[in-house]
file query_34.txt (compact mmCIF, C-alpha atoms)
# COMPACT_ATOMS: atom_id res chain seq x y z
CA MET L 1 0.52 -4.24 15.90
CA PRO L 2 3.65 -2.25 16.78
CA ILE L 3 4.09 0.77 14.54
CA LEU L 4 7.67 1.51 13.61
CA LYS L 5 7.71 5.28 13.23
CA ALA L 6 9.29 7.02 10.28
CA ARG L 7 12.49 8.99 10.96
CA GLU L 8 13.20 6.93 14.08
CA ARG L 9 15.83 4.23 14.22
CA HIS L 10 14.60 0.83 15.32
CA PRO L 11 16.67 -2.14 16.49
CA VAL L 12 17.04 -4.85 13.83
CA THR L 13 18.63 -8.18 14.67
CA ILE L 14 19.50 -10.78 12.08
CA THR L 15 21.57 -13.94 11.90
CA LEU L 16 24.29 -12.92 9.47
CA ASN L 17 26.21 -15.86 8.03
CA GLY L 18 25.39 -17.91 11.09
CA ARG L 19 26.28 -15.28 13.69
CA PRO L 20 23.95 -12.86 15.47
CA ALA L 21 24.29 -9.29 14.23
CA GLY L 22 22.35 -6.18 15.09
CA GLY L 23 22.01 -2.53 14.25
CA TYR L 24 19.46 0.21 13.89
CA ALA L 25 17.32 1.12 10.89
CA GLU L 26 14.65 3.61 9.93
CA PRO L 27 11.67 1.81 8.36
CA ARG L 28 12.73 3.07 4.94
CA MET L 29 16.26 1.67 5.16
CA LEU L 30 17.00 -0.99 2.53
CA LEU L 31 18.51 -4.27 3.65
CA SER L 32 21.42 -3.64 1.26
CA ASP L 33 22.25 -0.38 3.05
CA PHE L 34 21.72 -1.96 6.47
CA LEU L 35 24.22 -4.71 5.66
CA ARG L 36 26.81 -2.30 4.32
CA GLN L 37 26.41 0.75 6.54
CA GLU L 38 25.16 -0.66 9.84
CA LEU L 39 26.88 -4.03 9.88
CA GLY L 40 29.93 -3.21 7.75
CA ALA L 41 29.28 -6.22 5.52
CA THR L 42 30.37 -4.53 2.32
CA GLY L 43 30.67 -7.72 0.28
CA THR L 44 27.09 -7.14 -0.88
CA HIS L 45 27.20 -4.56 -3.65
CA VAL L 46 24.58 -2.02 -4.64
CA GLY L 47 23.92 -1.43 -8.33
CA CYS L 48 20.60 -0.25 -9.72
CA GLU L 49 18.58 -0.17 -6.49
CA HIS L 50 15.39 -1.18 -8.22
CA GLY L 51 15.77 -4.91 -8.60
CA VAL L 52 17.07 -5.13 -12.15
CA CYS L 53 20.85 -5.70 -11.91
CA GLY L 54 21.06 -8.36 -9.21
CA ALA L 55 24.33 -7.09 -7.69
CA CYS L 56 22.77 -6.89 -4.21
CA THR L 57 21.38 -10.46 -4.17
CA VAL L 58 21.62 -12.13 -0.75
CA ARG L 59 19.86 -15.11 0.81
CA ILE L 60 17.07 -14.53 3.31
CA ASP L 61 16.05 -17.69 5.15
CA GLY L 62 17.89 -19.58 2.44
CA LYS L 63 16.27 -17.94 -0.58
CA ALA L 64 18.12 -15.74 -3.06
CA VAL L 65 16.46 -12.31 -3.09
CA ARG L 66 17.28 -8.71 -3.94
CA SER L 67 18.41 -6.92 -0.78
CA CYS L 68 17.59 -3.55 -2.42
CA LEU L 69 13.95 -4.64 -2.71
CA THR L 70 13.78 -5.66 0.94
CA LEU L 71 13.42 -3.40 3.95
CA ALA L 72 15.86 -3.95 6.79
CA VAL L 73 12.95 -3.99 9.26
CA HIS L 74 11.34 -6.79 7.24
CA ALA L 75 14.47 -8.90 7.66
CA ASP L 76 14.38 -8.50 11.46
CA GLY L 77 14.66 -11.91 13.10
CA LYS L 78 15.53 -13.66 9.86
CA ARG L 79 18.62 -15.47 8.66
CA VAL L 80 20.63 -13.51 6.10
CA ASP L 81 23.52 -15.04 4.17
CA THR L 82 25.92 -12.93 2.15
CA VAL L 83 29.01 -13.55 0.07
CA GLU L 84 31.17 -13.20 3.19
CA GLY L 85 29.75 -16.51 4.39
CA LEU L 86 30.60 -18.61 1.33
CA ALA L 87 34.23 -19.47 2.07
CA GLY L 88 34.91 -22.27 4.51
CA GLU L 89 37.44 -22.72 7.33
CA GLY L 90 40.57 -20.65 6.91
CA ASN L 91 38.99 -18.66 4.07
CA LYS L 92 39.16 -21.68 1.78
CA LEU L 93 37.09 -20.83 -1.30
CA SER L 94 33.92 -22.84 -1.88
CA VAL L 95 33.56 -25.09 -4.93
CA LEU L 96 31.56 -22.35 -6.65
CA GLN L 97 34.02 -19.57 -5.81
CA GLU L 98 36.99 -21.68 -6.89
CA ALA L 99 35.27 -22.42 -10.23
CA PHE L 100 34.77 -18.67 -10.75
CA ARG L 101 38.44 -18.06 -10.03
CA ARG L 102 39.58 -20.86 -12.33
CA HIS L 103 37.42 -19.70 -15.24
CA HIS L 104 38.12 -15.97 -14.82
CA ALA L 105 34.36 -15.54 -14.39
CA LEU L 106 34.85 -12.02 -13.10
CA GLN L 107 36.84 -8.94 -13.96
CA CYS L 108 35.85 -5.97 -11.83
CA GLY L 109 33.91 -8.20 -9.46
CA TYR L 110 31.06 -5.77 -8.88
CA CYS L 111 28.31 -8.20 -9.90
CA THR L 112 30.04 -11.32 -8.58
CA ALA L 113 28.74 -11.43 -5.02
CA GLY L 114 25.13 -11.39 -6.20
CA ILE L 115 25.69 -14.06 -8.84
CA LEU L 116 27.40 -16.34 -6.32
CA MET L 117 24.51 -16.01 -3.87
CA SER L 118 21.92 -16.81 -6.58
CA LEU L 119 23.84 -19.85 -7.78
CA ALA L 120 24.50 -21.04 -4.22
CA HIS L 121 20.75 -21.15 -3.58
CA TYR L 122 19.83 -22.59 -6.96
CA LEU L 123 22.39 -25.41 -6.87
CA GLU L 124 21.15 -26.32 -3.41
CA ILE L 125 17.54 -26.77 -4.56
CA ASN L 126 18.42 -28.17 -8.00
CA PRO L 127 21.73 -30.08 -7.87
CA GLN L 128 20.91 -31.56 -11.30
CA ALA L 129 20.79 -28.10 -12.91
CA ASP L 130 21.75 -28.08 -16.59
CA GLU L 131 23.33 -25.25 -18.55
CA GLU L 132 20.00 -23.84 -19.75
CA GLN L 133 18.64 -23.64 -16.21
CA LEU L 134 21.85 -22.07 -14.94
CA ARG L 135 21.75 -19.52 -17.77
CA GLU L 136 18.24 -18.54 -16.68
CA VAL L 137 19.39 -17.98 -13.10
CA ILE L 138 22.39 -15.94 -14.30
CA GLY L 139 19.90 -14.03 -16.51
CA GLY L 140 18.73 -12.35 -13.31
CA HIS L 141 22.07 -10.53 -13.11
CA LEU L 142 23.86 -7.92 -15.16
CA CYS L 143 27.60 -8.18 -15.76
CA ARG L 144 29.29 -5.49 -17.85
CA CYS L 145 32.76 -7.10 -18.04
CA THR L 146 32.74 -10.75 -18.93
CA GLY L 147 30.13 -11.24 -21.62
CA TYR L 148 28.81 -14.03 -19.37
CA THR L 149 30.59 -16.90 -21.17
CA GLN L 150 33.02 -17.63 -18.35
CA ILE L 151 30.32 -17.18 -15.72
CA VAL L 152 28.24 -19.87 -17.40
CA GLU L 153 31.27 -22.14 -17.73
CA ALA L 154 32.13 -21.71 -14.06
CA ALA L 155 28.53 -22.38 -12.98
CA VAL L 156 28.27 -25.52 -15.12
CA GLU L 157 31.57 -26.87 -13.81
CA ALA L 158 30.72 -26.05 -10.19
CA ALA L 159 27.40 -27.89 -10.56
CA GLU L 160 29.18 -30.95 -11.90
CA MET L 161 31.82 -30.89 -9.17
CA MET L 162 29.19 -30.55 -6.49
CA ARG L 163 27.29 -33.49 -7.97
CA LEU L 164 30.46 -35.60 -7.91
CA ASN L 165 31.31 -34.25 -4.45
CA LYS L 166 34.75 -33.11 -5.64
CA PRO L 167 36.77 -30.71 -3.50
CA ALA L 168 37.04 -27.08 -4.65
CA ASP L 169 40.66 -27.22 -5.78
CA SER L 170 40.60 -30.49 -7.69
CA MET U 1 17.18 5.85 -5.05
CA LYS U 2 16.15 5.68 -1.42
CA PRO U 3 12.52 5.68 -0.32
CA ALA U 4 11.02 8.72 1.38
CA ALA U 5 10.24 8.23 5.07
CA PHE U 6 7.23 6.12 6.08
CA ASP U 7 5.84 4.34 9.12
CA TYR U 8 6.01 0.55 8.95
CA ILE U 9 3.48 -1.86 10.37
CA ARG U 10 3.77 -5.63 10.19
CA ALA U 11 0.16 -6.78 10.30
CA ALA U 12 -0.51 -9.98 12.25
CA SER U 13 -3.92 -10.74 10.73
CA VAL U 14 -6.16 -9.73 7.82
CA GLU U 15 -8.55 -8.08 10.27
CA GLU U 16 -5.75 -5.96 11.66
CA ALA U 17 -4.56 -5.02 8.17
CA ALA U 18 -8.12 -4.08 7.19
CA GLU U 19 -8.42 -1.79 10.22
CA ILE U 20 -5.18 -0.04 9.36
CA MET U 21 -6.28 0.40 5.74
CA ALA U 22 -9.67 1.74 6.89
CA LYS U 23 -7.83 4.37 8.92
CA PHE U 24 -5.21 5.41 6.37
CA GLY U 25 -6.80 4.62 2.98
CA ALA U 26 -4.80 6.01 0.07
CA ARG U 27 -2.11 7.31 2.48
CA ALA U 28 -1.05 3.69 3.12
CA ARG U 29 0.40 1.06 0.80
CA LEU U 30 0.15 -2.69 1.24
CA MET U 31 3.32 -4.71 0.80
CA ALA U 32 3.48 -8.48 0.39
CA GLY U 33 6.68 -9.47 -1.46
CA GLY U 34 7.50 -5.87 -2.32
CA GLN U 35 8.93 -6.72 -5.74
CA SER U 36 6.84 -4.02 -7.45
CA LEU U 37 6.27 -1.64 -4.55
CA MET U 38 9.89 -1.48 -3.36
CA ALA U 39 11.03 -0.35 -6.82
CA LEU U 40 8.32 2.34 -6.83
CA LEU U 41 9.38 3.42 -3.33
CA ASN U 42 13.08 3.51 -4.23
CA LEU U 43 12.32 5.62 -7.31
CA ARG U 44 9.98 7.77 -5.18
CA LEU U 45 7.17 7.23 -7.65
CA VAL U 46 5.06 6.60 -4.55
CA GLU U 47 5.54 8.19 -1.13
CA PRO U 48 3.06 6.61 1.29
CA GLU U 49 2.80 7.68 4.92
CA VAL U 50 2.48 4.06 6.01
CA VAL U 51 3.65 0.74 4.59
CA VAL U 52 1.61 -2.23 5.80
CA ASP U 53 3.52 -5.52 5.53
CA ILE U 54 1.07 -8.41 5.08
CA SER U 55 3.70 -11.02 4.18
CA SER U 56 3.72 -12.72 7.58
CA ILE U 57 -0.06 -13.21 7.86
CA GLY U 58 -0.27 -17.00 8.04
CA SER U 59 -3.83 -17.28 6.72
CA LEU U 60 -2.80 -15.60 3.47
CA ASN U 61 0.01 -18.06 2.81
CA ALA U 62 -2.08 -20.89 1.32
CA ILE U 63 -2.82 -22.47 -2.05
CA ARG U 64 -6.04 -24.46 -1.96
CA ILE U 65 -8.44 -26.08 -4.35
CA ASP U 66 -11.91 -24.68 -3.80
CA GLY U 67 -14.53 -26.22 -6.05
CA SER U 68 -13.75 -25.30 -9.65
CA SER U 69 -11.02 -22.81 -8.71
CA VAL U 70 -7.56 -22.73 -7.19
CA GLU U 71 -7.38 -20.03 -4.54
CA ILE U 72 -3.98 -18.40 -4.05
CA GLY U 73 -3.54 -16.30 -0.92
CA ALA U 74 -1.91 -12.88 -0.96
CA ALA U 75 1.28 -14.01 0.78
CA VAL U 76 1.97 -16.90 -1.65
CA THR U 77 5.08 -16.17 -3.67
CA GLN U 78 5.49 -16.88 -7.34
CA SER U 79 8.14 -19.48 -6.40
CA ASP U 80 5.71 -21.15 -3.98
CA LEU U 81 3.16 -21.53 -6.78
CA LEU U 82 5.78 -22.73 -9.27
CA ASP U 83 6.79 -25.41 -6.75
CA TRP U 84 3.18 -26.48 -6.09
CA PRO U 85 3.08 -30.15 -7.13
CA LYS U 86 -0.38 -29.86 -8.73
CA LEU U 87 0.41 -26.78 -10.81
CA LYS U 88 0.78 -28.49 -14.22
CA GLU U 89 -2.34 -30.52 -13.75
CA GLU U 90 -4.60 -27.81 -12.33
CA LEU U 91 -3.25 -24.58 -13.85
CA PRO U 92 -1.24 -25.55 -16.94
CA LEU U 93 -1.22 -21.99 -18.29
CA LEU U 94 0.41 -20.70 -15.10
CA ALA U 95 2.98 -23.50 -15.30
CA LEU U 96 3.94 -22.05 -18.70
CA ALA U 97 3.79 -18.37 -17.72
CA LEU U 98 5.35 -18.33 -14.24
CA PRO U 99 8.93 -19.04 -15.37
CA ARG U 100 8.64 -15.82 -17.39
CA VAL U 101 7.57 -13.73 -14.40
CA GLY U 102 10.61 -11.73 -13.35
CA HIS U 103 13.69 -13.73 -12.39
CA PHE U 104 14.34 -16.63 -10.01
CA GLN U 105 15.54 -14.05 -7.48
CA THR U 106 12.41 -11.86 -7.67
CA ARG U 107 9.98 -14.81 -7.80
CA ASN U 108 11.39 -15.90 -4.43
CA ARG U 109 9.71 -12.88 -2.84
CA GLY U 110 7.24 -11.54 -5.40
CA THR U 111 3.68 -12.70 -4.83
CA VAL U 112 1.04 -13.81 -7.31
CA CYS U 113 -1.56 -11.41 -5.87
CA GLY U 114 0.95 -8.55 -5.69
CA SER U 115 1.61 -8.76 -9.40
CA ILE U 116 -2.13 -8.82 -10.09
CA ALA U 117 -2.75 -5.85 -7.77
CA HIS U 118 0.13 -3.89 -9.33
CA SER U 119 -1.51 -4.39 -12.73
CA ASP U 120 1.34 -3.61 -15.07
CA PRO U 121 -0.10 -3.95 -18.59
CA SER U 122 2.79 -6.13 -19.77
CA SER U 123 2.97 -8.47 -16.78
CA GLU U 124 2.11 -12.13 -17.16
CA LEU U 125 -0.10 -12.97 -14.18
CA PRO U 126 -2.84 -10.39 -14.88
CA LEU U 127 -2.90 -11.77 -18.44
CA CYS U 128 -3.43 -15.31 -17.14
CA LEU U 129 -6.17 -14.11 -14.79
CA ALA U 130 -7.90 -12.35 -17.70
CA ILE U 131 -7.90 -15.23 -20.20
CA LEU U 132 -9.02 -17.74 -17.56
CA GLU U 133 -11.71 -15.35 -16.28
CA GLY U 134 -10.40 -15.65 -12.77
CA GLU U 135 -11.43 -13.56 -9.80
CA VAL U 136 -9.85 -11.34 -7.19
CA GLU U 137 -11.07 -11.40 -3.60
CA LEU U 138 -11.03 -8.06 -1.83
CA ARG U 139 -11.40 -7.52 1.90
CA SER U 140 -12.07 -4.41 3.95
CA THR U 141 -13.70 -3.66 7.29
CA GLY U 142 -16.91 -3.33 5.24
CA GLY U 143 -16.77 -6.95 4.12
CA THR U 144 -15.61 -9.12 1.24
CA ARG U 145 -16.27 -8.84 -2.47
CA ARG U 146 -15.14 -10.80 -5.48
CA LEU U 147 -14.46 -9.19 -8.82
CA LYS U 148 -13.95 -10.88 -12.18
CA ALA U 149 -10.63 -10.05 -13.83
CA SER U 150 -12.42 -7.92 -16.44
CA ALA U 151 -14.05 -5.79 -13.71
CA PHE U 152 -10.90 -5.61 -11.58
CA GLN U 153 -8.47 -4.56 -14.32
CA THR U 154 -9.29 -0.98 -15.24
CA GLY U 155 -6.11 0.35 -16.88
CA MET U 156 -2.38 0.92 -16.61
CA LEU U 157 -1.36 0.24 -12.99
CA ALA U 158 -5.04 0.79 -12.16
CA THR U 159 -7.64 -1.54 -10.69
CA ALA U 160 -11.13 -1.35 -9.21
CA LYS U 161 -9.68 -1.96 -5.73
CA ALA U 162 -10.69 0.83 -3.33
CA PRO U 163 -7.77 2.34 -1.36
CA GLU U 164 -8.92 0.70 1.88
CA GLU U 165 -9.39 -2.73 0.31
CA ILE U 166 -6.85 -5.57 0.48
CA VAL U 167 -6.41 -8.16 -2.26
CA VAL U 168 -6.54 -11.26 -0.08
CA ALA U 169 -6.64 -13.91 -2.80
CA ALA U 170 -6.71 -14.59 -6.51
CA ARG U 171 -8.89 -17.40 -7.83
CA PHE U 172 -7.90 -19.16 -11.03
CA PRO U 173 -10.35 -21.63 -12.63
CA ARG U 174 -8.95 -25.17 -12.73
CA ARG U 175 -8.16 -26.78 -16.05
CA LYS U 176 -11.10 -28.56 -17.61
CA PRO U 177 -10.49 -31.84 -19.41
CA GLY U 178 -9.69 -31.38 -23.09
CA GLU U 179 -8.36 -27.83 -22.92
CA GLY U 180 -5.06 -26.83 -24.51
CA TYR U 181 -2.92 -23.85 -23.52
CA THR U 182 0.05 -21.93 -24.85
CA PHE U 183 2.02 -18.94 -23.64
CA ARG U 184 4.61 -16.94 -25.59
CA GLU U 185 6.29 -13.65 -24.92
CA ILE U 186 8.81 -11.39 -26.56
CA ALA U 187 11.15 -9.53 -24.19
CA ARG U 188 14.63 -8.06 -24.52
CA ARG U 189 15.91 -10.40 -21.82
CA HIS U 190 14.33 -13.45 -20.20
CA GLY U 191 12.66 -12.12 -17.05
CA ASP U 192 12.15 -8.57 -18.25
CA PHE U 193 8.68 -7.17 -18.74
CA ALA U 194 7.17 -8.44 -21.97
CA ILE U 195 7.10 -6.23 -25.05
CA VAL U 196 4.16 -8.41 -26.03
CA ALA U 197 2.85 -11.51 -24.24
CA LEU U 198 0.28 -13.87 -25.73
CA ALA U 199 -1.72 -16.63 -24.11
CA ALA U 200 -4.15 -18.94 -25.91
CA ARG U 201 -6.71 -21.43 -24.67
CA ALA U 202 -8.27 -23.98 -27.00
CA SER U 203 -11.32 -26.03 -26.15
CA ALA U 204 -14.01 -27.86 -28.08
CA SER U 205 -15.99 -24.63 -28.29
CA GLY U 206 -13.17 -22.63 -29.90
CA VAL U 207 -10.06 -20.64 -29.24
CA ARG U 208 -9.50 -17.65 -27.00
CA LEU U 209 -6.49 -15.35 -27.26
CA ALA U 210 -5.25 -12.85 -24.67
CA VAL U 211 -2.60 -10.22 -25.29
CA GLY U 212 -0.56 -8.20 -22.82
CA GLY U 213 1.82 -5.32 -23.45
CA VAL U 214 -0.18 -3.59 -26.19
CA ALA U 215 -3.29 -2.07 -24.61
CA ASP U 216 -3.33 -0.53 -21.11
CA ARG U 217 -4.60 -3.83 -19.66
CA PRO U 218 -4.85 -7.46 -20.81
CA ALA U 219 -7.11 -7.78 -23.87
CA VAL U 220 -9.10 -10.95 -24.55
CA LEU U 221 -10.62 -12.10 -27.86
CA ASP U 222 -12.78 -15.14 -28.57
CA LEU U 223 -12.02 -16.46 -32.03
CA GLY U 224 -14.23 -19.54 -32.20
CA GLY U 225 -12.98 -21.78 -34.97
CA ALA U 226 -11.57 -19.00 -37.18
CA GLN U 227 -8.84 -20.11 -39.58
CA GLY U 228 -6.74 -18.69 -42.41
CA ALA U 229 -7.80 -15.31 -43.82
CA ALA U 230 -10.70 -14.92 -41.37
CA LEU U 231 -8.27 -15.44 -38.46
CA ALA U 232 -5.76 -12.98 -39.93
CA ASP U 233 -8.50 -10.35 -40.37
CA ALA U 234 -9.74 -10.85 -36.81
CA LEU U 235 -6.19 -10.54 -35.42
CA ASN U 236 -5.54 -7.41 -37.47
CA ALA U 237 -8.74 -5.78 -36.19
CA PHE U 238 -7.81 -6.86 -32.63
CA ALA U 239 -4.33 -5.32 -32.96
CA TRP U 240 -5.76 -1.99 -34.15
CA GLU U 241 -8.38 -2.02 -31.40
CA MET U 242 -5.67 -2.46 -28.73
CA GLY U 243 -3.65 0.37 -30.25
CA GLY U 244 -0.55 0.40 -28.09
CA ASN U 245 2.06 3.00 -27.31
CA ASP U 246 5.63 3.69 -28.36
CA ASP U 247 8.19 3.44 -25.57
CA ILE U 248 11.92 2.84 -25.25
CA HIS U 249 11.45 -0.91 -25.73
CA ALA U 250 9.33 -0.97 -28.88
CA THR U 251 6.99 1.03 -31.08
CA ALA U 252 3.23 0.54 -31.07
CA ARG U 253 3.48 -0.57 -34.69
CA TYR U 254 5.96 -3.32 -33.78
CA ARG U 255 3.73 -4.50 -30.95
CA ARG U 256 0.71 -4.73 -33.27
CA GLU U 257 2.80 -6.62 -35.81
CA LEU U 258 3.81 -9.15 -33.13
CA VAL U 259 0.12 -9.80 -32.49
CA ARG U 260 -0.49 -10.42 -36.20
CA ARG U 261 2.57 -12.66 -36.56
CA LEU U 262 2.57 -14.59 -33.29
CA GLY U 263 -1.23 -14.76 -32.86
CA PRO U 264 -1.75 -17.54 -35.44
CA LYS U 265 1.24 -19.47 -34.04
CA VAL U 266 0.07 -19.57 -30.43
CA ILE U 267 -3.46 -20.40 -31.57
CA GLU U 268 -2.18 -23.27 -33.66
CA GLU U 269 -0.07 -24.52 -30.75
CA ALA U 270 -3.03 -24.39 -28.36
CA ARG U 271 -5.20 -26.30 -30.83
CA ALA U 272 -2.45 -28.90 -31.19
CA CYS U 273 -2.56 -29.42 -27.39
CA LEU U 274 -6.26 -30.26 -27.56
CA SER U 275 -6.77 -33.80 -26.50
call {"tool": "encode", "arguments": {"input": "query_34.txt", "output": "structure tokens"}}
result
Amino acid sequence: MPILKARERHPVTITLNGRPAGGYAEPRMLLSDFLRQELGATGTHVGCEHGVCGACTVRIDGKAVRSCLTLAVHADGKRVDTVEGLAGEGNKLSVLQEAFRRHHALQCGYCTAGILMSLAHYLEINPQADEEQLREVIGGHLCRCTGYTQIVEAAVEAAEMMRLNKPADS
Amino acid sequence: MKPAAFDYIRAASVEEAAEIMAKFGARARLMAGGQSLMALLNLRLVEPEVVVDISSIGSLNAIRIDGSSVEIGAAVTQSDLLDWPKLKEELPLLALALPRVGHFQTRNRGTVCGSIAHSDPSSELPLCLAILEGEVELRSTGGTRRLKASAFQTGMLATAKAPEEIVVAARFPRRKPGEGYTFREIARRHGDFAIVALAARASASGVRLAVGGVADRPAVLDLGGAQGAALADALNAFAWEMGGNDDIHATARYRRELVRRLGPKVIEEARACLS
């Protein structure tokens, strides 16, 4: 029963996008801040910081979760995947990212990283996802630019392409 | 929007967590999925000295059928329960309500017991526990006790849990043959807290309605076989009894009107499910 004392920085080691990464965190440090400030992984954005907007969504041990509602010390020893890990070799965009680009599913891009991480998890567990199910997943995110239409279109198309095993740029 | 400083302990067993809670009492807060507590911490609505993480206690991460109930351990997430293959058959009301609990992303960490322990008056799981007359199992160094939902739920964000006690499990009665269920809620956005949530259970002996989001805790009403004007009168009296408050989402008057309007619909739907 090790006690991690308040106001002291404790080592936290995670597997970030497949590579070991480590830093230090007070018990109260949010995973979102740990990723950005300790590890320099600023692809994960911070919006409301109480779980409503979804901008900070990352995957912990494969599951899409809010990094602002997770303590860095809780994530110690776990696998964390962020938007930086989505592109493949040579920064080639994934099927999902390419669909977002094609459909102009983002303007300012603030909410995009979180939405991509949610959809990446959801399409993995439910490759047969239909538009209604995808809309519900996107419902866990706030976007103030697009009006959501293009985001839904991109998600639906990405799901179909992944089902047909089509490459990202086809 | 950052929490105040606290010590953090990842408890390895229920016994260990109970010892910590016995020592710190109200100065400590238990965290399972953290989907309610982390928001409170970030907003500094709570500033505990110690946060006790019980999410990695293996014995709490189990769903099991125990006699006439389904026992859900305190580390079981809402997603885990939604993915439980027997959910529709054993707990059909929860199969209807769980997709409305938060979002996909919060259900992946939020626990069933955490939502019940948090006791927000408009949240879905306490409502389900109330209408089904489920129980909460509490553990401390002094022993174990089980409380019925009606005894556990005492008000807005308030329960009968003593500061040193841990909610270790929630017990939901299994579906009995020939029962019909419905669940409806009105919210600004799918996944937001309900303005009003209604659950109904129909059986041969009559209909029961439960309402969340109006009173300071889930309210339950047995309506027997009431129909037409008698049903409308009973729902009107029920709405006034619950009262409700105005807030930024809706007025108390609107909430009461939703009970009058949607009440007969969910009751009818539950009766139609009767086999």
call {"tool": "interface_residues", "arguments": {"input": "query_34.txt", "of": "chain L", "to": "chain U", "cutoff": "10 Å", "atoms": "only C-alpha atoms", "output": "JSON, numbers by chain"}}
result
{"L": [1, 2, 3, 4, 5, 6, 7, 8, 26, 27, 28, 29, 30, 33, 48, 49, 50, 51, 52, 54, 57, 58, 59, 60, 63, 64, 65, 66, 68, 69, 70, 71, 73, 74, 117, 118, 121, 122, 135, 136, 137, 138, 139, 140, 141]}
call {"tool": "residues_around", "arguments": {"input": "query_34.txt", "residues": "Gly23 (chain L)", "least_positions_apart": "3", "cutoff": "7 Å", "atoms": "only C-alpha atoms", "output": "list in words"}}
result
Pro11, Val12, Thr13, Glu38 and Leu39 of chain L
call {"tool": "residues_around", "arguments": {"input": "query_34.txt", "residues": "Val214 (chain U)", "least_positions_apart": "2", "cutoff": "8 Å", "atoms": "only C-alpha atoms", "output": "list of chain:residue names"}}
result
U:Pro121, U:Ser122, U:Ile195, U:Val196, U:Val211, U:Gly212, U:Asp216, U:Arg217, U:Met242, U:Gly243, U:Gly244, U:Asn245, U:Ala252, U:Arg255, U:Arg256
call {"tool": "residues_around", "arguments": {"input": "query_34.txt", "residues": "His45 (chain L)", "least_positions_apart": "5", "cutoff": "8 Å", "atoms": "only C-alpha atoms", "output": "MDAnalysis selection string"}}
result
chainID L and resid 32 55:56 110:111 113:114
call {"tool": "atom_distance", "arguments": {"input": "query_34.txt", "atom1": "CA of Thr44 (chain L)", "atom2": "CA of Val46 (chain U)"}}
result
26.2 Å
call {"tool": "atom_distance", "arguments": {"input": "query_34.txt", "atom1": "CA of Arg139 (chain U)", "atom2": "CA of Leu125 (chain U)"}}
result
20.4 Å
call {"tool": "atom_distance", "arguments": {"input": "query_34.txt", "atom1": "CA of Gly109 (chain L)", "atom2": "CA of Asp81 (chain L)"}}
result
18.5 Å
call {"tool": "axis_aligned_box", "arguments": {"input": "query_34.txt", "around": "region 120-128 of chain L", "padding_each_side": "8 Å", "output": "JSON"}}
result
{"center_x": 21.0, "center_y": -26.3, "center_z": -7.4, "size_x": 23.0, "size_y": 26.5, "size_z": 23.9}
call {"tool": "closest_residue", "arguments": {"input": "query_34.txt", "among": "L:Ala105, L:Leu31, L:Cys53, L:Met162", "to": "Asn126 (chain L)", "atoms": "all atoms listed in the file"}}
result
L:Met162
call {"tool": "closest_residue", "arguments": {"input": "query_34.txt", "among": "L:Arg9, L:Pro167, L:Ala72, L:Asn17", "to": "Lys92 (chain L)", "atoms": "all atoms listed in the file"}}
result
L:Pro167
call {"tool": "closest_residue", "arguments": {"input": "query_34.txt", "among": "L:Thr82, L:Ala120, L:Asp61, L:Leu96", "to": "Arg36 (chain L)", "atoms": "all atoms listed in the file"}}
result
L:Thr82
call {"tool": "closest_residue", "arguments": {"input": "query_34.txt", "among": "U:Asp233, U:Glu135, U:Glu179, U:Glu19", "to": "Ala200 (chain U)", "atoms": "all atoms listed in the file"}}
result
U:Glu179
call {"tool": "residues_around", "arguments": {"input": "query_34.txt", "residues": "Asp120 (chain U)", "least_positions_apart": "4", "cutoff": "9 Å", "atoms": "all atoms listed in the file", "output": "PyMOL selection string"}}
result
chain U and resi 115-116+124+126+155-158+193+213+216-217
call {"tool": "residues_around", "arguments": {"input": "query_34.txt", "residues": "region 148-155 of chain L", "least_positions_apart": "6", "cutoff": "6 Å", "atoms": "only C-alpha atoms", "output": "list in words"}}
result
Ala99, Phe100, His103 and Ala105 of chain L
call {"tool": "decode", "arguments": {"input": "query_34.txt", "residues": "region 170-177 of chain U", "atoms": "N, CA and C atoms", "output": "PDB file, in the first residue's frame"}}
result
ATOM      1  N   ALA U 170     -23.360  -3.561  -5.954  1.00  0.00           N
ATOM      2  CA  ALA U 170     -24.784  -3.260  -6.081  1.00  0.00           C
ATOM      3  C   ALA U 170     -25.464  -4.552  -6.499  1.00  0.00           C
ATOM      4  N   ARG U 171     -26.647  -4.785  -5.956  1.00  0.00           N
ATOM      5  CA  ARG U 171     -27.370  -6.025  -6.278  1.00  0.00           C
ATOM      6  C   ARG U 171     -28.719  -5.677  -6.906  1.00  0.00           C
ATOM      7  N   PHE U 172     -28.864  -6.078  -8.159  1.00  0.00           N
ATOM      8  CA  PHE U 172     -30.102  -5.815  -8.900  1.00  0.00           C
ATOM      9  C   PHE U 172     -30.901  -7.110  -9.017  1.00  0.00           C
ATOM     10  N   PRO U 173     -32.173  -7.113  -8.603  1.00  0.00           N
ATOM     11  CA  PRO U 173     -32.991  -8.323  -8.775  1.00  0.00           C
ATOM     12  C   PRO U 173     -33.105  -8.722 -10.245  1.00  0.00           C
ATOM     13  N   ARG U 174     -32.998 -10.025 -10.499  1.00  0.00           N
ATOM     14  CA  ARG U 174     -33.098 -10.529 -11.870  1.00  0.00           C
ATOM     15  C   ARG U 174     -34.536 -10.423 -12.362  1.00  0.00           C
ATOM     16  N   ARG U 175     -34.663 -10.314 -13.665  1.00  0.00           N
ATOM     17  CA  ARG U 175     -35.993 -10.239 -14.277  1.00  0.00           C
ATOM     18  C   ARG U 175     -36.799 -11.496 -13.929  1.00  0.00           C
ATOM     19  N   LYS U 176     -38.057 -11.264 -13.587  1.00  0.00           N
ATOM     20  CA  LYS U 176     -38.942 -12.418 -13.375  1.00  0.00           C
ATOM     21  C   LYS U 176     -39.748 -12.623 -14.647  1.00  0.00           C
ATOM     22  N   PRO U 177     -40.111 -13.881 -14.936  1.00  0.00           N
ATOM     23  CA  PRO U 177     -40.851 -14.138 -16.166  1.00  0.00           C
ATOM     24  C   PRO U 177     -42.126 -13.290 -16.205  1.00  0.00           C
TER      25      PRO U 177
END
